[in-house]
Amino acid sequence: MKQGKTHTNNNYYFYLILTIFLFINILSASSTISGFIQDKENGEPISYANVFLKNTSYGTVTNNDGYFYFKIDSIGNFTLIVSMMGYKPVEKNLIIKKNTAKKINLYMETVAIELGEITKTGEIEKFKQDVRISTINLSNNDLRSSPVVLEPDIFRTIQLLPSATAGNDFSSALYVRGGSPDQNLILLDGITVYNPYHLGGVFSTFNTDAVKEANFMAGGFPAKYGGRMSSVLSILNREGNSKNFEGQGNISLISSKLLLEGPIPKGSFLIAGRRTYFDGLWELIRKPINKKRDNDLSPFPYYFYDFQGKINIDINQKHRTTFSGFFGDDVLNIEETNTWGSEEDKDYSKSKFSIDWVWGNRTVSLKHRWIITPNLIGKFSLARSKFHFDIELFEEEKFPNSPDSSNNIKLKVYDYITDVSPFVDFVWFLNDKNAIEFGSFYKKVDFNLGLTFDSNNLVDIHSKPSEYGLYFQDKFQPNPLLMIQPGIRLTHYEFKNKTYPDFRLNTKYFLSDKFAINVAIGNVYQFLQTANPETENMRIIDFWYPTSKEQLPSIVYSSILGMEYWYKEKIQIKLEGYYKDYDHLLTLDDGFIAAFDSVNNFIEADGYAYGVEFLIKKQIGNLTGWVGYTYSVTRKKDGNIWYPPKYDKAHNLNIVAKYDIGNKWYFNSAIVFNTGSPYTQILGKIHLLDDETLDTQNKYQKYYSSEIDIYGEKNSERYPNYFRLDLGFNRRSELFSLKTEFYFHVINTTNHMNVFMYWWTDKDDKIYRQPVPMFPFFPSLGVKFYF
């Protein structure tokens, strides 16, 4: 009864606030100009285009939906101008009368700025209009700026930015400003994705061909985002071409991709799919070889696929409905059968071993955008995100001629996460000085983690925590030189039956129209974490846990000070310093079984991180790319001992460049250097002798039943510094009347030895350390085609 009453009160307050805002809008009625700006070629919305009245001070920029709105107190004849770098300016004559609302939809045509691809950017306008702190926008062109590991990947590109680092070559997981991967909020079209990895973490699950842009926020989050302490990665898929039917494909060494898009009545659609095909190629090779062999070669056991789609329907000028979904799986299937002797033999035996392992994501969402009034926009969404992880190990031994005819072992591990999240967001352009965002959210997450052995259910952890609350944010600009963005997010966490406030305050002060000082302070609560040992080298999968009733939620207090400067509107220069203070960090003890205990094996720790980041980015012209450098320090506290976690790297330098030569060739390259990761040194081993097997007559022959490693101080040693040079060669051409792009990329061109880990062995009573390398010199090639 209490919960139902709470929801009733929330609905009452929601409708009361909405009614007040609508009443204020009626009282403040005046002449307004609003509408949408879209790309003439494909109908995609154009973000951050300049929209203004010629020879006046009236104007604004479009938002992410391509929508603009501003008021005008004058009447008469005016010329509306729309401009955006990479597009031809558009002009339209208007007659403005008293207390009228003009609704205008315009299309813009692209134009080539320099040789090479058309470049379209609104980054300089984002700088002028938004309080964007510690935020970097990656366009589809940015994602192709660096050479790829088999194929383009969003996470691999973000690892080349100043704020993020990679754990190692075999993982695309993000470590952002002293935080672990579970402290990153990953959103695909606004839907939370819990385990966004393929191939055991080597690749992300996102198909870059379908991506419009990726907004990476390493701090200073807007109030609408919460629940993660380190970063927000918001990936937006393209809307789909509403003018013409188009398609593109990509064939690389690892996978094939296909994307189709086009118009539908009153809207557009986009579908994209990807699948690895090495299992199919191996099957073609395997069959003829097996005809000549006594023992068959086994099928290739692994593949992954993903599929995503989006449908937009413009019901009328005020209402748009969008349906989107993502589906992807990794599949590993191993079967091995061995036979000893013949069926007539008394010692005849047969064994069978199999692994059936499937994991992946399913996300669906239904969104509706309603332009309630020209200056009040509502977005209503219902999203469902599901992650499933199933692994079954089966072993069977048969002894037909023995009294014990068979022996079977069956092990199953499963992890299911289902997240259902309805939410509503409003944007209210109150006046020229205030742009208000507010909304409410509700999240119900079903966690189910278990372990069964034969028919015995050893572990079954099931919980359904919920979070709900409100957020409010105002972008206040009292004068042209100052923008202040205060915000608050209130989250009620059901397990603790308590409301937790996140306070945010971002400010920007302009020293000139191209130079600004940024300041941000705030806190973020986090109510879930992964049960992954901190010392793990490979992160194949994440086991998520909600914060229990016995635990306190983790919290970070952060502060940021920085400057941003634009040189000739082409080169962005950023310098930022940050400090983060962590409380109640929940860290899992080492060991696989520990992951199945939701409370007892978590250690509560504190921590801090600070650093200085520098970025210079050029995104227009034949030469594009960026140089990023970070000096950072991260420490965690275990008991009374402070230590650097595995992802602490003092120095990180990344140089990424893409150079166009004419309209056919372009080259890209990346240089990566960072300090080696910390690790705990093994000082020696203690051997435990088994008296029954010890040969006392021969002192030089020893048999050890077990051994214990002796470790040094935690993470007191470091691997050698990391260095990698990647090069890429790309050629635009035509093949069978199709526009194509061939690429040849080389990872680790110098074949530099980067240490993944050390393997410790003992011989002649001595300990020897063998390095295990990361990616060696590795070439890859592929072709992309358009139709």
# chains A, B, ... in the order shown; residues from 1 in each chain; ligands from 1
$ closest_atom_pairs --of "segment 193-303 of chain A" --to "segment 151-175 of chain A" --cutoff "12 Å" --atoms "only C-alpha atoms" --output "Markdown table"
| residue | atom | partner | partner_atom | distance |
| --- | --- | --- | --- | --- |
| A:Tyr194 | CA | A:Ala173 | CA | 12.0 |
| A:Asn195 | CA | A:Ala173 | CA | 9.8 |
| A:Pro196 | CA | A:Ala173 | CA | 8.9 |
| A:Tyr197 | CA | A:Ser172 | CA | 7.7 |
| A:His198 | CA | A:Ser172 | CA | 9.4 |
| A:Leu199 | CA | A:Ser171 | CA | 9.3 |
| A:Gly200 | CA | A:Ser171 | CA | 7.7 |
| A:Gly201 | CA | A:Ser171 | CA | 4.9 |
| A:Val202 | CA | A:Ser171 | CA | 4.7 |
| A:Phe203 | CA | A:Ser172 | CA | 5.9 |
| A:Ser204 | CA | A:Phe155 | CA | 6.3 |
| A:Thr205 | CA | A:Asp153 | CA | 8.6 |
| A:Phe206 | CA | A:Ile154 | CA | 7.2 |
| A:Asn207 | CA | A:Asp153 | CA | 7.6 |
| A:Thr208 | CA | A:Asp153 | CA | 6.5 |
| A:Asp209 | CA | A:Pro152 | CA | 8.9 |
| A:Ala210 | CA | A:Ile154 | CA | 11.5 |
| A:Val211 | CA | A:Ile154 | CA | 9.2 |
| A:Lys212 | CA | A:Ile154 | CA | 11.5 |
| A:Glu213 | CA | A:Ile154 | CA | 9.8 |
| A:Ala214 | CA | A:Ile154 | CA | 8.0 |
| A:Asn215 | CA | A:Ile158 | CA | 10.1 |
| A:Phe216 | CA | A:Ile158 | CA | 7.9 |
| A:Met217 | CA | A:Ser163 | CA | 9.1 |
| A:Ala218 | CA | A:Ser163 | CA | 6.5 |
| A:Gly219 | CA | A:Ser163 | CA | 9.4 |
| A:Met229 | CA | A:Tyr175 | CA | 11.6 |
| A:Ser230 | CA | A:Tyr175 | CA | 8.4 |
| A:Ser231 | CA | A:Tyr175 | CA | 9.2 |
| A:Val232 | CA | A:Leu174 | CA | 10.9 |
| A:Leu233 | CA | A:Ile158 | CA | 9.6 |
| A:Ser234 | CA | A:Ile154 | CA | 11.1 |
| A:Ile235 | CA | A:Ile154 | CA | 9.1 |
| A:Leu236 | CA | A:Ile154 | CA | 11.7 |
| A:Asn250 | CA | A:Glu151 | CA | 9.2 |
| A:Ile251 | CA | A:Glu151 | CA | 9.2 |
| A:Ser252 | CA | A:Glu151 | CA | 6.7 |
| A:Leu253 | CA | A:Glu151 | CA | 8.3 |
| A:Ile254 | CA | A:Glu151 | CA | 7.9 |
| A:Ser255 | CA | A:Glu151 | CA | 8.4 |
| A:Ser256 | CA | A:Glu151 | CA | 10.0 |
| A:Lys257 | CA | A:Glu151 | CA | 10.4 |
| A:Arg274 | CA | A:Glu151 | CA | 11.4 |
| A:Thr276 | CA | A:Glu151 | CA | 11.4 |
$ residues_around --residues "Leu575 of chain A" --least-positions-apart "4" --cutoff "6 Å" --atoms "only C-alpha atoms" --output "PyMOL selection string"
chain A and resi 562-563+613-614
$ closest_residue --among "A:Ser512, A:Thr192, A:Ser455, A:Asn333" --to "Pro480 of chain A" --atoms "only C-alpha atoms"
A:Ser512
$ select_by_dssp --residues "segment 524-576 of chain A" --states "strand (DSSP E)" --output "list in words"
Val524, Tyr525, Gln526, Leu528, Gln529, Thr530, Trp544, Tyr545, Pro546, Ser554, Ile555, Val556, Tyr557, Ser558, Ser559, Ile560, Leu561, Gly562, Met563, Glu564, Tyr565, Trp566, Tyr567, Ile571, Gln572, Ile573, Lys574, Leu575 and Glu576 of chain A
$ residues_around --residues "Gln529 of chain A" --least-positions-apart "2" --cutoff "7 Å" --atoms "only C-alpha atoms" --output "list in words"
Asp182, Ala531, Trp544, Tyr545 and Pro546 of chain A
$ residues_around --residues "Ala657 of chain A" --least-positions-apart "5" --cutoff "10 Å" --atoms "only C-alpha atoms" --output "list of chain:residue names"
A:Asp142, A:Ser145, A:Ser146, A:Pro147, A:Lys617, A:Lys618, A:Leu623, A:Thr624, A:Gly625, A:Trp626, A:Val627, A:Phe667, A:Asn668, A:Ser669, A:Ala670, A:Ile671, A:Leu727
$ residues_around --residues "segment 299-311 of chain A" --least-positions-apart "5" --cutoff "9 Å" --atoms "only C-alpha atoms" --output "NGL selection string"
:A and (198-199 or 205-207 or 210 or 237-240 or 255 or 264 or 267-280 or 282-283 or 286 or 321-335 or 360-361)
$ write_last_selection --atoms "C-alpha atoms" --output "PDB file, in the first residue's frame"
ATOM      1  CA  HIS A 198      32.256  -9.632 -28.330  1.00  0.00           C
ATOM      2  CA  LEU A 199      35.053 -12.216 -28.492  1.00  0.00           C
ATOM      3  CA  THR A 205      29.118  -5.084 -29.698  1.00  0.00           C
ATOM      4  CA  PHE A 206      28.421  -1.867 -31.619  1.00  0.00           C
ATOM      5  CA  ASN A 207      28.427  -1.819 -35.412  1.00  0.00           C
ATOM      6  CA  ALA A 210      25.181   2.254 -38.077  1.00  0.00           C
ATOM      7  CA  ASN A 237      22.523   5.306 -34.222  1.00  0.00           C
ATOM      8  CA  ARG A 238      21.643   6.972 -37.488  1.00  0.00           C
ATOM      9  CA  GLU A 239      17.991   7.727 -38.206  1.00  0.00           C
ATOM     10  CA  GLY A 240      17.972   6.046 -41.618  1.00  0.00           C
ATOM     11  CA  SER A 255      33.395 -10.606 -40.177  1.00  0.00           C
ATOM     12  CA  ILE A 264       8.861   4.263 -45.436  1.00  0.00           C
ATOM     13  CA  GLY A 267       9.381   7.967 -41.921  1.00  0.00           C
ATOM     14  CA  SER A 268      12.528   5.922 -42.410  1.00  0.00           C
ATOM     15  CA  PHE A 269      14.140   2.647 -41.437  1.00  0.00           C
ATOM     16  CA  LEU A 270      17.650   1.327 -40.846  1.00  0.00           C
ATOM     17  CA  ILE A 271      18.782  -2.259 -40.314  1.00  0.00           C
ATOM     18  CA  ALA A 272      22.341  -3.481 -39.876  1.00  0.00           C
ATOM     19  CA  GLY A 273      23.825  -6.913 -39.274  1.00  0.00           C
ATOM     20  CA  ARG A 274      27.252  -8.421 -38.669  1.00  0.00           C
ATOM     21  CA  ARG A 275      28.550 -11.974 -38.346  1.00  0.00           C
ATOM     22  CA  THR A 276      31.932 -13.642 -38.147  1.00  0.00           C
ATOM     23  CA  TYR A 277      32.448 -16.256 -40.820  1.00  0.00           C
ATOM     24  CA  PHE A 278      35.661 -18.092 -39.968  1.00  0.00           C
ATOM     25  CA  ASP A 279      33.590 -21.073 -38.827  1.00  0.00           C
ATOM     26  CA  GLY A 280      32.067 -21.271 -42.315  1.00  0.00           C
ATOM     27  CA  TRP A 282      36.908 -23.617 -41.846  1.00  0.00           C
ATOM     28  CA  GLU A 283      34.023 -25.930 -42.680  1.00  0.00           C
ATOM     29  CA  ARG A 286      37.653 -29.246 -43.156  1.00  0.00           C
ATOM     30  CA  THR A 321       7.528   7.633 -32.705  1.00  0.00           C
ATOM     31  CA  THR A 322      10.728   5.587 -32.840  1.00  0.00           C
ATOM     32  CA  PHE A 323      11.158   1.867 -32.361  1.00  0.00           C
ATOM     33  CA  SER A 324      14.676   0.458 -32.071  1.00  0.00           C
ATOM     34  CA  GLY A 325      16.287  -2.803 -31.089  1.00  0.00           C
ATOM     35  CA  PHE A 326      19.612  -4.607 -30.790  1.00  0.00           C
ATOM     36  CA  PHE A 327      20.235  -8.363 -30.702  1.00  0.00           C
ATOM     37  CA  GLY A 328      23.616 -10.060 -30.479  1.00  0.00           C
ATOM     38  CA  ASP A 329      25.181 -13.303 -29.279  1.00  0.00           C
ATOM     39  CA  ASP A 330      28.560 -14.965 -28.877  1.00  0.00           C
ATOM     40  CA  VAL A 331      28.382 -18.721 -29.370  1.00  0.00           C
ATOM     41  CA  LEU A 332      31.063 -21.223 -28.333  1.00  0.00           C
ATOM     42  CA  ASN A 333      30.373 -24.909 -28.910  1.00  0.00           C
ATOM     43  CA  ILE A 334      32.998 -27.599 -28.381  1.00  0.00           C
ATOM     44  CA  GLU A 335      32.381 -31.329 -28.652  1.00  0.00           C
ATOM     45  CA  GLY A 360      24.647 -11.816 -25.503  1.00  0.00           C
ATOM     46  CA  ASN A 361      22.347  -8.803 -25.336  1.00  0.00           C
TER      47      ASN A 361
END
$ closest_residue --among "A:Gly628, A:Gly227, A:Gly684, A:Gly450" --to "Gly469 of chain A" --atoms "only C-alpha atoms"
A:Gly227
$ residues_around --residues "Lys475 of chain A" --least-positions-apart "4" --cutoff "9 Å" --atoms "only C-alpha atoms" --output "JSON, numbers by chain"
{"A": [130, 131, 433, 434, 435, 436, 437, 483, 484, 485, 486, 487]}
$ closest_residue --among "A:Arg384, A:Glu125, A:Val51, A:Ile409" --to "Asp513 of chain A" --atoms "only C-alpha atoms"
A:Glu125
$ atom_distance --atom1 "atom CA of Arg731 of chain A" --atom2 "atom CA of Arg144 of chain A"
13.1 Å
$ residues_around --residues "segment 65-67 of chain A" --least-positions-apart "2" --cutoff "6 Å" --atoms "only C-alpha atoms" --output "VMD selection string"
chain A and resid 35 to 37 45 to 47 62 to 63
$ write_last_selection --atoms "N, CA and C atoms" --output "mmCIF file, in the first residue's frame"
data_model
loop_
_atom_site.group_PDB
_atom_site.id
_atom_site.type_symbol
_atom_site.label_atom_id
_atom_site.label_comp_id
_atom_site.auth_asym_id
_atom_site.auth_seq_id
_atom_site.Cartn_x
_atom_site.Cartn_y
_atom_site.Cartn_z
ATOM 1 N N GLY A 35 11.296 25.039 -35.588
ATOM 2 C CA GLY A 35 11.252 24.083 -36.687
ATOM 3 C C GLY A 35 12.400 23.103 -36.639
ATOM 4 N N PHE A 36 12.555 22.365 -37.734
ATOM 5 C CA PHE A 36 13.603 21.341 -37.840
ATOM 6 C C PHE A 36 14.505 21.653 -39.023
ATOM 7 N N ILE A 37 15.788 21.348 -38.860
ATOM 8 C CA ILE A 37 16.769 21.447 -39.932
ATOM 9 C C ILE A 37 17.289 20.046 -40.217
ATOM 10 N N PRO A 45 18.635 14.522 -39.087
ATOM 11 C CA PRO A 45 18.631 15.824 -38.403
ATOM 12 C C PRO A 45 20.038 16.397 -38.303
ATOM 13 N N ILE A 46 20.158 17.705 -38.415
ATOM 14 C CA ILE A 46 21.452 18.390 -38.327
ATOM 15 C C ILE A 46 21.553 19.066 -36.972
ATOM 16 N N SER A 47 22.461 18.611 -36.167
ATOM 17 C CA SER A 47 22.646 19.151 -34.816
ATOM 18 C C SER A 47 23.568 20.360 -34.843
ATOM 19 N N THR A 62 20.433 24.474 -33.400
ATOM 20 C CA THR A 62 19.583 23.291 -33.307
ATOM 21 C C THR A 62 20.119 22.321 -32.256
ATOM 22 N N ASN A 63 19.209 21.513 -31.691
ATOM 23 C CA ASN A 63 19.621 20.504 -30.714
ATOM 24 C C ASN A 63 19.922 19.186 -31.422
#
$ closest_atom_pairs --of "segment 115-200 of chain A" --to "segment 740-747 of chain A" --cutoff "9 Å" --atoms "only C-alpha atoms" --output "JSON lines"
{"residue": "A:Pro147", "atom": "CA", "partner": "A:His745", "partner_atom": "CA", "distance": 5.8}
{"residue": "A:Val148", "atom": "CA", "partner": "A:His745", "partner_atom": "CA", "distance": 6.7}
{"residue": "A:Val149", "atom": "CA", "partner": "A:Ile747", "partner_atom": "CA", "distance": 6.7}
{"residue": "A:Leu150", "atom": "CA", "partner": "A:His745", "partner_atom": "CA", "distance": 8.1}
$ closest_residue --among "A:Glu534, A:Glu576, A:Asp432, A:Glu707" --to "Tyr679 of chain A" --atoms "only C-alpha atoms"
A:Glu534
$ atom_distance --atom1 "atom CA of Asn674 of chain A" --atom2 "atom CA of Phe778 of chain A"
20.2 Å
$ select_by_dssp --residues "segment 146-295 of chain A" --states "helix (DSSP H, G or I)" --output "PyMOL selection string"
chain A and resi 154-158+181-183+199-201+208-210+278-290
$ write_last_selection --atoms "C-alpha atoms" --output "PDB file, in the first residue's frame"
ATOM      1  CA  ILE A 154      34.095   2.510 -30.813  1.00  0.00           C
ATOM      2  CA  PHE A 155      35.750   1.398 -27.581  1.00  0.00           C
ATOM      3  CA  ARG A 156      39.165   1.043 -29.244  1.00  0.00           C
ATOM      4  CA  THR A 157      38.867   4.615 -30.520  1.00  0.00           C
ATOM      5  CA  ILE A 158      37.864   5.949 -27.093  1.00  0.00           C
ATOM      6  CA  PRO A 181      34.809  -0.680 -16.333  1.00  0.00           C
ATOM      7  CA  ASP A 182      31.671  -1.250 -14.235  1.00  0.00           C
ATOM      8  CA  GLN A 183      31.652   2.483 -13.416  1.00  0.00           C
ATOM      9  CA  LEU A 199      35.053 -12.216 -28.492  1.00  0.00           C
ATOM     10  CA  GLY A 200      35.748 -12.183 -24.772  1.00  0.00           C
ATOM     11  CA  GLY A 201      36.097  -8.406 -24.653  1.00  0.00           C
ATOM     12  CA  THR A 208      30.195   1.427 -36.347  1.00  0.00           C
ATOM     13  CA  ASP A 209      28.530   1.553 -39.779  1.00  0.00           C
ATOM     14  CA  ALA A 210      25.181   2.254 -38.077  1.00  0.00           C
ATOM     15  CA  PHE A 278      35.661 -18.092 -39.968  1.00  0.00           C
ATOM     16  CA  ASP A 279      33.590 -21.073 -38.827  1.00  0.00           C
ATOM     17  CA  GLY A 280      32.067 -21.271 -42.315  1.00  0.00           C
ATOM     18  CA  LEU A 281      35.414 -20.948 -44.087  1.00  0.00           C
ATOM     19  CA  TRP A 282      36.908 -23.617 -41.846  1.00  0.00           C
ATOM     20  CA  GLU A 283      34.023 -25.930 -42.680  1.00  0.00           C
ATOM     21  CA  LEU A 284      34.804 -25.621 -46.410  1.00  0.00           C
ATOM     22  CA  ILE A 285      38.432 -26.548 -45.723  1.00  0.00           C
ATOM     23  CA  ARG A 286      37.653 -29.246 -43.156  1.00  0.00           C
ATOM     24  CA  LYS A 287      35.387 -31.479 -45.242  1.00  0.00           C
ATOM     25  CA  PRO A 288      37.862 -32.380 -48.021  1.00  0.00           C
ATOM     26  CA  ILE A 289      40.685 -32.835 -45.503  1.00  0.00           C
ATOM     27  CA  ASN A 290      38.626 -35.226 -43.379  1.00  0.00           C
TER      28      ASN A 290
END
